[in-house]
file input13.csv (CSV, C-alpha atoms)
chain,number,residue,atom,x,y,z
U,1,MET,CA,18.7,-50.0,5.8
U,2,THR,CA,16.0,-48.5,3.5
U,3,ARG,CA,16.9,-48.2,-0.1
U,4,ARG,CA,16.1,-44.7,-1.3
U,5,LEU,CA,15.1,-44.3,-4.9
U,6,PRO,CA,17.5,-41.9,-6.7
U,7,ARG,CA,15.6,-38.7,-7.4
U,8,THR,CA,15.3,-38.1,-11.1
U,9,GLU,CA,15.8,-34.7,-12.6
U,10,ARG,CA,12.2,-34.8,-13.6
U,11,SER,CA,10.9,-35.2,-10.0
U,12,ASP,CA,13.4,-32.4,-8.9
U,13,ALA,CA,11.8,-30.2,-11.5
U,14,ARG,CA,8.3,-31.1,-10.3
U,15,ASP,CA,9.3,-30.3,-6.7
U,16,ASN,CA,10.9,-27.0,-7.7
U,17,ARG,CA,7.8,-26.0,-9.7
U,18,ALA,CA,5.5,-26.8,-6.7
U,19,ARG,CA,7.8,-24.9,-4.3
U,20,ILE,CA,7.9,-21.9,-6.6
U,21,LEU,CA,4.1,-21.8,-7.0
U,22,ASP,CA,3.7,-22.1,-3.2
U,23,ALA,CA,6.2,-19.3,-2.7
U,24,ALA,CA,4.5,-17.1,-5.4
U,25,ARG,CA,1.1,-17.5,-3.7
U,26,ALA,CA,2.6,-16.5,-0.3
U,27,VAL,CA,4.7,-13.6,-1.7
U,28,PHE,CA,2.0,-12.1,-4.0
U,29,GLY,CA,-0.6,-12.6,-1.2
U,30,GLU,CA,1.5,-10.5,1.2
U,31,GLU,CA,3.2,-8.0,-1.0
U,32,GLY,CA,0.9,-7.8,-4.0
U,33,LEU,CA,1.9,-8.5,-7.6
U,34,SER,CA,4.6,-5.9,-7.5
U,35,ALA,CA,6.7,-8.2,-5.4
U,36,PRO,CA,9.9,-8.9,-7.3
U,37,MET,CA,10.5,-12.3,-8.9
U,38,ARG,CA,13.8,-12.7,-6.9
U,39,GLU,CA,11.8,-12.6,-3.7
U,40,VAL,CA,9.7,-15.5,-5.0
U,41,ALA,CA,12.9,-17.4,-5.9
U,42,ARG,CA,14.4,-16.7,-2.5
U,43,GLN,CA,11.3,-17.9,-0.6
U,44,ALA,CA,11.1,-21.0,-2.8
U,45,GLY,CA,14.8,-21.7,-2.1
U,46,VAL,CA,15.7,-21.9,-5.8
U,47,GLY,CA,18.0,-19.8,-7.9
U,48,PRO,CA,16.7,-17.1,-10.3
U,49,ALA,CA,17.7,-19.3,-13.3
U,50,THR,CA,15.5,-22.2,-12.1
U,51,LEU,CA,12.6,-19.8,-11.5
U,52,TYR,CA,12.9,-18.3,-15.0
U,53,ARG,CA,13.3,-21.7,-16.6
U,54,HIS,CA,9.9,-22.7,-15.2
U,55,PHE,CA,8.2,-19.3,-15.5
U,56,PRO,CA,9.9,-17.0,-18.1
U,57,THR,CA,7.7,-14.0,-17.1
U,58,LYS,CA,5.9,-12.9,-14.0
U,59,GLN,CA,2.7,-13.1,-15.9
U,60,ALA,CA,3.2,-16.8,-16.5
U,61,LEU,CA,4.0,-17.3,-12.8
U,62,VAL,CA,0.9,-15.4,-11.7
U,63,THR,CA,-1.3,-17.3,-14.1
U,64,ALA,CA,0.0,-20.7,-12.9
U,65,ALA,CA,-0.1,-19.8,-9.2
U,66,PHE,CA,-3.7,-18.9,-9.3
U,67,THR,CA,-5.2,-21.4,-11.8
U,68,ASP,CA,-6.7,-23.5,-9.0
U,69,ARG,CA,-8.2,-20.5,-7.3
U,70,MET,CA,-9.6,-19.2,-10.6
U,71,ALA,CA,-11.3,-22.6,-11.1
U,72,ALA,CA,-12.6,-22.7,-7.5
U,73,CYS,CA,-14.1,-19.2,-8.1
U,74,ALA,CA,-15.7,-20.3,-11.4
U,75,ALA,CA,-17.1,-23.4,-9.6
U,76,LEU,CA,-18.8,-21.2,-7.0
U,77,VAL,CA,-20.5,-19.1,-9.7
U,78,ASP,CA,-21.6,-22.3,-11.6
U,79,ARG,CA,-23.1,-23.7,-8.4
U,80,GLY,CA,-25.1,-20.5,-8.1
U,81,LEU,CA,-26.3,-20.9,-11.7
U,82,ALA,CA,-27.3,-24.5,-10.9
U,83,ASP,CA,-29.5,-23.4,-8.0
U,84,PRO,CA,-33.1,-23.5,-9.1
U,85,ASP,CA,-33.8,-20.4,-7.0
U,86,PRO,CA,-32.2,-17.4,-8.8
U,87,GLU,CA,-32.1,-15.1,-5.8
U,88,ARG,CA,-30.5,-17.7,-3.5
U,89,GLY,CA,-28.1,-18.7,-6.2
U,90,PHE,CA,-26.9,-15.1,-6.7
U,91,ARG,CA,-26.7,-14.3,-3.0
U,92,THR,CA,-24.8,-17.5,-2.1
U,93,ALA,CA,-22.3,-17.0,-4.9
U,94,VAL,CA,-21.7,-13.4,-3.9
U,95,VAL,CA,-21.0,-14.3,-0.3
U,96,GLU,CA,-18.8,-17.3,-1.2
U,97,VAL,CA,-16.8,-15.6,-3.9
U,98,SER,CA,-16.2,-12.7,-1.5
U,99,VAL,CA,-14.9,-15.0,1.2
U,100,LEU,CA,-12.7,-16.9,-1.2
U,101,HIS,CA,-11.2,-13.6,-2.4
U,102,ALA,CA,-10.8,-12.1,1.1
U,103,LEU,CA,-8.9,-15.2,2.2
U,104,ASP,CA,-6.5,-15.1,-0.7
U,105,GLN,CA,-5.3,-11.5,-1.2
U,106,GLY,CA,-2.8,-12.7,-3.8
U,107,PHE,CA,-5.5,-14.2,-5.9
U,108,SER,CA,-7.7,-11.2,-5.4
U,109,ALA,CA,-4.9,-8.9,-6.6
U,110,ALA,CA,-4.2,-11.2,-9.5
U,111,PHE,CA,-7.9,-11.3,-10.5
U,112,LEU,CA,-8.3,-7.5,-10.3
U,113,ALA,CA,-4.9,-6.6,-11.7
U,114,ALA,CA,-4.9,-4.5,-14.9
U,115,TYR,CA,-2.4,-6.8,-16.7
U,116,PRO,CA,-3.1,-6.1,-20.3
U,117,GLN,CA,-0.6,-8.6,-21.4
U,118,ALA,CA,-1.8,-11.3,-19.0
U,119,VAL,CA,-3.8,-13.1,-21.7
U,120,ASP,CA,-4.5,-16.2,-19.7
U,121,THR,CA,-5.6,-14.5,-16.5
U,122,ALA,CA,-7.6,-11.9,-18.4
U,123,ALA,CA,-9.4,-14.6,-20.4
U,124,ALA,CA,-10.2,-16.6,-17.3
U,125,ARG,CA,-11.4,-13.5,-15.6
U,126,GLU,CA,-13.6,-12.5,-18.5
U,127,ARG,CA,-15.2,-16.0,-18.5
U,128,GLY,CA,-15.7,-15.7,-14.7
U,129,LEU,CA,-17.3,-12.3,-14.9
U,130,ARG,CA,-19.6,-13.4,-17.8
U,131,ALA,CA,-20.9,-16.3,-15.7
U,132,PHE,CA,-21.3,-14.0,-12.7
U,133,THR,CA,-23.2,-11.6,-15.0
U,134,ARG,CA,-25.5,-14.4,-16.1
U,135,LEU,CA,-26.2,-15.2,-12.5
U,136,ALA,CA,-27.0,-11.6,-11.7
U,137,ARG,CA,-29.2,-11.2,-14.9
U,138,ARG,CA,-31.2,-14.3,-13.9
U,139,ALA,CA,-31.8,-12.8,-10.4
U,140,GLN,CA,-32.8,-9.5,-12.1
U,141,ARG,CA,-35.3,-11.3,-14.4
U,142,ALA,CA,-36.8,-13.0,-11.3
U,143,GLY,CA,-37.3,-9.5,-9.7
U,144,ALA,CA,-34.8,-10.3,-6.9
U,145,VAL,CA,-32.0,-7.9,-7.9
U,146,ARG,CA,-32.3,-4.3,-8.7
U,147,ALA,CA,-32.6,-3.5,-12.4
U,148,ASP,CA,-29.8,-0.9,-12.5
U,149,LEU,CA,-27.1,-3.3,-11.4
U,150,VAL,CA,-24.5,-3.6,-14.2
U,151,PRO,CA,-21.7,-6.1,-14.7
U,152,ASP,CA,-19.1,-3.4,-13.5
U,153,ASP,CA,-20.9,-3.5,-10.1
U,154,LEU,CA,-19.7,-7.1,-9.7
U,155,VAL,CA,-16.1,-5.8,-10.1
U,156,LEU,CA,-16.9,-3.0,-7.7
U,157,LEU,CA,-18.0,-5.7,-5.1
U,158,LEU,CA,-14.8,-7.6,-5.6
U,159,MET,CA,-12.8,-4.3,-5.3
U,160,ALA,CA,-14.6,-3.4,-2.1
U,161,ASN,CA,-14.0,-6.8,-0.7
U,162,ARG,CA,-10.3,-6.6,-1.5
U,163,GLY,CA,-9.8,-3.7,1.0
U,164,VAL,CA,-11.2,-5.9,3.9
U,165,ARG,CA,-8.5,-7.3,6.3
U,166,ALA,CA,-8.9,-8.3,9.9
U,167,GLY,CA,-6.6,-9.8,12.4
U,168,SER,CA,-7.0,-13.4,11.4
U,169,PRO,CA,-8.3,-15.4,8.4
U,170,ALA,CA,-11.5,-16.2,10.4
U,171,ALA,CA,-12.1,-12.5,11.2
U,172,THR,CA,-11.3,-11.5,7.6
U,173,ALA,CA,-13.8,-14.1,6.3
U,174,ALA,CA,-16.4,-12.8,8.9
U,175,ALA,CA,-15.9,-9.2,7.8
U,176,ALA,CA,-16.2,-10.2,4.2
U,177,ARG,CA,-19.5,-11.9,5.0
U,178,ARG,CA,-20.8,-8.8,6.8
U,179,LEU,CA,-19.8,-6.5,3.9
U,180,ALA,CA,-21.3,-8.9,1.4
U,181,ALA,CA,-24.6,-9.0,3.4
U,182,LEU,CA,-24.7,-5.2,3.4
U,183,LEU,CA,-24.1,-5.0,-0.3
U,184,LEU,CA,-26.6,-7.7,-1.1
U,185,GLN,CA,-29.2,-5.8,0.9
U,186,SER,CA,-28.6,-2.8,-1.4
U,187,LEU,CA,-28.7,-4.9,-4.5
U,188,ARG,CA,-32.2,-6.2,-3.9
U,189,ALA,CA,-34.9,-4.9,-6.1
U,190,PRO,CA,-36.3,-1.8,-4.4
U,191,ILE,CA,-39.7,-3.4,-3.7
U,192,ASP,CA,-40.9,-6.9,-3.8
U,193,ARG,CA,-42.7,-7.7,-7.0
U,194,LEU,CA,-46.4,-7.6,-6.4
U,195,PRO,CA,-48.5,-10.7,-7.0
U,196,PRO,CA,-50.3,-10.5,-10.4
U,197,PRO,CA,-53.1,-7.9,-10.6
U,198,VAL,CA,-56.6,-9.2,-10.2
U,199,PRO,CA,-59.4,-7.8,-12.5
U,200,LEU,CA,-62.0,-6.3,-10.1
U,201,SER,CA,-65.5,-5.4,-11.1
U,202,PHE,CA,-67.7,-3.2,-9.0
U,203,PRO,CA,-70.6,-5.1,-7.5
U,204,GLY,CA,-73.9,-4.1,-9.1
U,205,PRO,CA,-76.2,-1.9,-7.2
X,206,MET,CA,20.5,42.8,-13.2
X,207,THR,CA,18.3,41.5,-10.4
X,208,ARG,CA,19.9,41.1,-7.1
X,209,ARG,CA,19.0,37.7,-5.7
X,210,LEU,CA,18.8,37.2,-1.9
X,211,PRO,CA,21.1,34.6,-0.7
X,212,ARG,CA,19.1,31.6,0.4
X,213,THR,CA,19.5,31.0,4.1
X,214,GLU,CA,19.9,27.5,5.6
X,215,ARG,CA,16.6,27.9,7.2
X,216,SER,CA,14.7,28.4,3.9
X,217,ASP,CA,16.7,25.4,2.4
X,218,ALA,CA,15.5,23.3,5.3
X,219,ARG,CA,11.9,24.5,4.8
X,220,ASP,CA,12.1,23.6,1.0
X,221,ASN,CA,13.6,20.2,1.8
X,222,ARG,CA,10.9,19.4,4.3
X,223,ALA,CA,8.1,20.4,1.9
X,224,ARG,CA,9.8,18.4,-0.9
X,225,ILE,CA,10.1,15.3,1.4
X,226,LEU,CA,6.4,15.6,2.4
X,227,ASP,CA,5.3,15.8,-1.2
X,228,ALA,CA,7.5,12.8,-2.2
X,229,ALA,CA,6.2,10.8,0.8
X,230,ARG,CA,2.5,11.4,-0.2
X,231,ALA,CA,3.3,10.3,-3.7
X,232,VAL,CA,5.4,7.3,-2.8
X,233,PHE,CA,3.1,6.0,0.0
X,234,GLY,CA,0.1,6.7,-2.3
X,235,GLU,CA,1.5,4.5,-5.0
X,236,GLU,CA,3.3,1.8,-3.2
X,237,GLY,CA,1.7,1.8,0.2
X,238,LEU,CA,3.3,2.4,3.6
X,239,SER,CA,5.8,-0.4,3.0
X,240,ALA,CA,7.7,1.7,0.5
X,241,PRO,CA,11.2,2.2,1.8
X,242,MET,CA,12.4,5.6,3.2
X,243,ARG,CA,15.3,5.7,0.6
X,244,GLU,CA,12.6,5.8,-2.1
X,245,VAL,CA,11.1,8.9,-0.5
X,246,ALA,CA,14.5,10.5,-0.3
X,247,ARG,CA,15.2,9.6,-3.9
X,248,GLN,CA,12.0,11.1,-5.2
X,249,ALA,CA,12.5,14.2,-3.0
X,250,GLY,CA,16.0,14.7,-4.4
X,251,VAL,CA,17.6,14.7,-1.0
X,252,GLY,CA,20.1,12.4,0.7
X,253,PRO,CA,19.0,9.9,3.3
X,254,ALA,CA,20.8,12.0,6.0
X,255,THR,CA,18.6,15.0,5.2
X,256,LEU,CA,15.5,12.9,5.2
X,257,TYR,CA,16.3,11.3,8.6
X,258,ARG,CA,17.3,14.7,10.1
X,259,HIS,CA,13.7,15.9,9.3
X,260,PHE,CA,11.9,12.7,10.1
X,261,PRO,CA,13.9,10.2,12.3
X,262,THR,CA,11.3,7.5,11.8
X,263,LYS,CA,8.9,6.4,9.0
X,264,GLN,CA,6.1,6.9,11.5
X,265,ALA,CA,7.1,10.6,12.0
X,266,LEU,CA,7.1,11.0,8.2
X,267,VAL,CA,3.7,9.3,7.7
X,268,THR,CA,2.1,11.4,10.5
X,269,ALA,CA,3.5,14.7,9.1
X,270,ALA,CA,2.6,13.8,5.5
X,271,PHE,CA,-1.0,13.2,6.2
X,272,THR,CA,-1.8,15.7,9.0
X,273,ASP,CA,-3.6,18.0,6.5
X,274,ARG,CA,-5.7,15.1,5.1
X,275,MET,CA,-6.5,13.9,8.6
X,276,ALA,CA,-7.8,17.4,9.4
X,277,ALA,CA,-9.8,17.6,6.2
X,278,CYS,CA,-11.4,14.3,7.0
X,279,ALA,CA,-12.2,15.4,10.5
X,280,ALA,CA,-13.7,18.6,9.1
X,281,LEU,CA,-16.1,16.6,6.8
X,282,VAL,CA,-17.4,14.7,9.8
X,283,ASP,CA,-17.8,17.9,11.8
X,284,ARG,CA,-19.7,19.4,9.0
X,285,GLY,CA,-22.0,16.4,9.1
X,286,LEU,CA,-22.5,16.9,12.8
X,287,ALA,CA,-23.4,20.5,12.2
X,288,ASP,CA,-26.1,19.6,9.8
X,289,PRO,CA,-29.5,19.9,11.6
X,290,ASP,CA,-30.8,16.9,9.6
X,291,PRO,CA,-29.1,13.8,11.2
X,292,GLU,CA,-29.7,11.6,8.1
X,293,ARG,CA,-28.4,14.1,5.6
X,294,GLY,CA,-25.4,14.9,7.8
X,295,PHE,CA,-24.5,11.2,8.1
X,296,ARG,CA,-25.1,10.4,4.4
X,297,THR,CA,-23.1,13.4,3.1
X,298,ALA,CA,-20.2,12.7,5.4
X,299,VAL,CA,-20.0,9.0,4.4
X,300,VAL,CA,-19.9,10.0,0.7
X,301,GLU,CA,-17.4,12.8,1.1
X,302,VAL,CA,-15.1,10.9,3.4
X,303,SER,CA,-15.2,8.0,0.9
X,304,VAL,CA,-14.2,10.2,-2.0
X,305,LEU,CA,-11.4,11.8,0.0
X,306,HIS,CA,-10.0,8.4,0.9
X,307,ALA,CA,-10.4,7.0,-2.6
X,308,LEU,CA,-8.5,9.9,-4.1
X,309,ASP,CA,-5.6,9.6,-1.7
X,310,GLN,CA,-4.6,6.0,-1.4
X,311,GLY,CA,-1.6,6.9,0.7
X,312,PHE,CA,-3.7,8.7,3.2
X,313,SER,CA,-6.2,5.8,3.2
X,314,ALA,CA,-3.4,3.3,3.8
X,315,ALA,CA,-2.0,5.5,6.6
X,316,PHE,CA,-5.4,5.9,8.2
X,317,LEU,CA,-6.1,2.2,8.1
X,318,ALA,CA,-2.6,0.9,8.9
X,319,ALA,CA,-2.2,-1.1,12.0
X,320,TYR,CA,0.7,1.0,13.3
X,321,PRO,CA,0.6,0.3,17.1
X,322,GLN,CA,3.6,2.7,17.6
X,323,ALA,CA,2.2,5.5,15.5
X,324,VAL,CA,0.8,7.3,18.4
X,325,ASP,CA,0.0,10.5,16.6
X,326,THR,CA,-1.8,8.9,13.7
X,327,ALA,CA,-3.6,6.5,16.0
X,328,ALA,CA,-4.8,9.3,18.3
X,329,ALA,CA,-6.0,11.4,15.3
X,330,ARG,CA,-7.7,8.3,13.9
X,331,GLU,CA,-9.4,7.5,17.2
X,332,ARG,CA,-10.7,11.1,17.4
X,333,GLY,CA,-12.0,10.9,13.9
X,334,LEU,CA,-13.7,7.6,14.4
X,335,ARG,CA,-15.3,8.8,17.6
X,336,ALA,CA,-16.8,11.8,15.8
X,337,PHE,CA,-17.9,9.6,13.0
X,338,THR,CA,-19.6,7.3,15.5
X,339,ARG,CA,-21.4,10.3,17.1
X,340,LEU,CA,-22.7,11.1,13.7
X,341,ALA,CA,-23.9,7.6,13.1
X,342,ARG,CA,-25.5,7.4,16.6
X,343,ARG,CA,-27.4,10.6,16.0
X,344,ALA,CA,-28.8,9.2,12.7
X,345,GLN,CA,-29.7,6.0,14.5
X,346,ARG,CA,-31.5,7.9,17.2
X,347,ALA,CA,-33.4,9.7,14.5
X,348,GLY,CA,-34.5,6.4,13.1
X,349,ALA,CA,-32.6,7.0,9.8
X,350,VAL,CA,-29.8,4.4,10.3
X,351,ARG,CA,-30.2,0.7,11.2
X,352,ALA,CA,-29.9,0.0,14.9
X,353,ASP,CA,-27.3,-2.8,14.4
X,354,LEU,CA,-24.7,-0.6,12.8
X,355,VAL,CA,-21.6,-0.6,15.1
X,356,PRO,CA,-18.5,1.7,15.0
X,357,ASP,CA,-16.5,-1.1,13.4
X,358,ASP,CA,-18.8,-0.9,10.4
X,359,LEU,CA,-17.5,2.6,9.7
X,360,VAL,CA,-14.0,1.1,9.5
X,361,LEU,CA,-15.4,-1.6,7.2
X,362,LEU,CA,-16.8,1.1,4.9
X,363,LEU,CA,-13.4,2.7,4.7
X,364,MET,CA,-11.7,-0.6,4.1
X,365,ALA,CA,-14.2,-1.4,1.3
X,366,ASN,CA,-13.6,2.0,-0.2
X,367,ARG,CA,-9.8,1.4,-0.1
X,368,GLY,CA,-10.1,-1.4,-2.7
X,369,VAL,CA,-11.8,0.8,-5.2
X,370,ARG,CA,-9.5,2.1,-8.0
X,371,ALA,CA,-10.5,3.1,-11.5
X,372,GLY,CA,-8.6,4.4,-14.5
X,373,SER,CA,-8.5,8.1,-13.4
X,374,PRO,CA,-9.1,10.1,-10.3
X,375,ALA,CA,-12.5,11.2,-11.6
X,376,ALA,CA,-13.5,7.6,-12.3
X,377,THR,CA,-12.2,6.5,-8.9
X,378,ALA,CA,-14.3,9.2,-7.2
X,379,ALA,CA,-17.4,8.2,-9.2
X,380,ALA,CA,-16.9,4.5,-8.2
X,381,ALA,CA,-16.4,5.5,-4.6
X,382,ARG,CA,-19.7,7.5,-4.7
X,383,ARG,CA,-21.5,4.5,-6.2
X,384,LEU,CA,-20.2,2.1,-3.6
X,385,ALA,CA,-21.0,4.6,-0.8
X,386,ALA,CA,-24.6,5.0,-2.2
X,387,LEU,CA,-25.0,1.2,-2.2
X,388,LEU,CA,-23.7,0.9,1.3
X,389,LEU,CA,-25.8,3.8,2.6
X,390,GLN,CA,-28.9,2.1,1.2
X,391,SER,CA,-28.1,-0.9,3.3
X,392,LEU,CA,-27.4,1.2,6.4
X,393,ARG,CA,-30.9,2.7,6.4
X,394,ALA,CA,-33.2,1.6,9.1
X,395,PRO,CA,-35.1,-1.4,7.7
X,396,ILE,CA,-38.5,0.4,7.7
X,397,ASP,CA,-39.3,4.0,7.9
X,398,ARG,CA,-40.5,5.0,11.3
X,399,LEU,CA,-44.3,5.1,11.5
X,400,PRO,CA,-46.0,8.3,12.4
X,401,PRO,CA,-47.3,8.1,16.0
X,402,PRO,CA,-50.1,5.7,16.7
X,403,VAL,CA,-53.6,7.2,17.0
X,404,PRO,CA,-55.9,5.9,19.7
X,405,LEU,CA,-58.9,4.6,17.9
X,406,SER,CA,-62.3,3.9,19.4
X,407,PHE,CA,-64.9,1.8,17.7
X,408,PRO,CA,-67.9,3.8,16.7
X,409,GLY,CA,-70.9,3.0,18.8
X,410,PRO,CA,-73.8,0.9,17.4
call {"tool": "encode", "arguments": {"input": "input13.csv", "output": "structure tokens"}}
result
Amino acid sequence: MTRRLPRTERSDARDNRARILDAARAVFGEEGLSAPMREVARQAGVGPATLYRHFPTKQALVTAAFTDRMAACAALVDRGLADPDPERGFRTAVVEVSVLHALDQGFSAAFLAAYPQAVDTAAARERGLRAFTRLARRAQRAGAVRADLVPDDLVLLLMANRGVRAGSPAATAAAARRLAALLLQSLRAPIDRLPPPVPLSFPGP
Amino acid sequence: MTRRLPRTERSDARDNRARILDAARAVFGEEGLSAPMREVARQAGVGPATLYRHFPTKQALVTAAFTDRMAACAALVDRGLADPDPERGFRTAVVEVSVLHALDQGFSAAFLAAYPQAVDTAAARERGLRAFTRLARRAQRAGAVRADLVPDDLVLLLMANRGVRAGSPAATAAAARRLAALLLQSLRAPIDRLPPPVPLSFPGP
């Protein structure tokens, strides 16, 4: 007979926390951030008291549920900045961030939510948007992205992407890629930069 | 003293119906089509029995609530088709349909909802998309729109537009216009059509 270790309260708490976070991602992903806390508790199989002990506010729950996604999103932008080719770095990051957001509607809603009191989410979002803006600026300086692109356009891209849903995750990702490709085409600088001018002298008579 | 006409049951029913439709547009616009029927009844100030007497199913309510919007949307596409300039007709319709959808999130949700049983909504949507496709095809034949645009891309445009929300209706409309302009730029045929070739003979020696 196998001897089972008695489960400590601490490991119970850890399990509950993990289950609550999984449920939060599922519920917010399906119903948006307006889904009630009690629905998260129900799906996690814990009582409201346990839920509120771990996460006293919805904002704390949203922040904790999407910390990993926020980091993954930031890593995609950082990878773009590490690409020595400014245009490729920008384009790749736009496509990959779009797909990441499209595949996790809960995260996308959390990222774009106007939660003035969500200090943690807002701070992480601001950091993410600042890095994304650096990436866009670098591509603009290289002449690869139109000069009239502003940081709010990056939010517009994410908002546009948020509306995209297809029948399966694979189809949603494919639709997000098609939309990103269309938008990237518009974001290119209107004409390729010309090679440097060459001083030309008229041949003598 | 003014003599007031006694209100007939028929005019009561008419008032109730109008109030229910107003409430449905407001509730579905804010909370999406998943908002419960009882919330519509509450906002309309009628009992559930009255609501269900007028609209036995949510689908009947959604269809009735957005009939006018659906007709307005179809009229914008028809106006595009009536424009003798295929490119201008297409571009104007894309912008105006985008703004109409952005300003009425409830209608946009109803239009894009996968409601297999919503026969009326689905039929009107199919008619609308077919007209929109004719408009796009005409612009493609004129060489103004890229050849690889497919009808599903028109749905993608509407989905992208659905994600756009700003702080006020005016800002939302402006953001929808900016997104439509970006997307239209991508939808242009890659290069302008060249003027017809001219047979050239080499000058004799």
call {"tool": "residues_around", "arguments": {"input": "input13.csv", "residues": "segment 19-33 of chain U", "least_positions_apart": "4", "cutoff": "12 Å", "atoms": "only C-alpha atoms", "output": "PyMOL selection string"}}
result
(chain U and resi 12-15+37-48+50-55+58-69+101-115+162+165) or (chain X and resi 236-240)
call {"tool": "interface_residues", "arguments": {"input": "input13.csv", "of": "chain X", "to": "chain U", "cutoff": "8 Å", "atoms": "all atoms listed in the file", "output": "ChimeraX atom specification"}}
result
/X:361,364-370,380,384,387-388,390-392
call {"tool": "atom_distance", "arguments": {"input": "input13.csv", "atom1": "atom CA of Ala352 of chain X", "atom2": "atom CA of Ala394 of chain X"}}
result
6.9 Å
call {"tool": "residues_around", "arguments": {"input": "input13.csv", "residues": "Ala336 of chain X", "least_positions_apart": "6", "cutoff": "9 Å", "atoms": "all atoms listed in the file", "output": "VMD selection string"}}
result
chain X and resid 279 282 to 283 286
call {"tool": "atom_distance", "arguments": {"input": "input13.csv", "atom1": "atom CA of Met275 of chain X", "atom2": "atom CA of Thr377 of chain X"}}
result
19.8 Å
call {"tool": "residues_around", "arguments": {"input": "input13.csv", "residues": "Ala82 of chain U", "least_positions_apart": "3", "cutoff": "12 Å", "atoms": "all atoms listed in the file", "output": "PyMOL selection string"}}
result
chain U and resi 75-79+85-90+92-93+131+134-135+138
call {"tool": "closest_residue", "arguments": {"input": "input13.csv", "among": "U:Leu100, U:Ala122, U:Val198, U:Val94", "to": "Ala173 of chain U", "atoms": "all atoms listed in the file"}}
result
U:Leu100
call {"tool": "closest_residue", "arguments": {"input": "input13.csv", "among": "U:Val99, U:Leu129, U:Ala136, U:Ala124", "to": "Ala180 of chain U", "atoms": "all atoms listed in the file"}}
result
U:Val99
call {"tool": "atom_distance", "arguments": {"input": "input13.csv", "atom1": "atom CA of Thr121 of chain U", "atom2": "atom CA of Pro169 of chain U"}}
result
25.1 Å
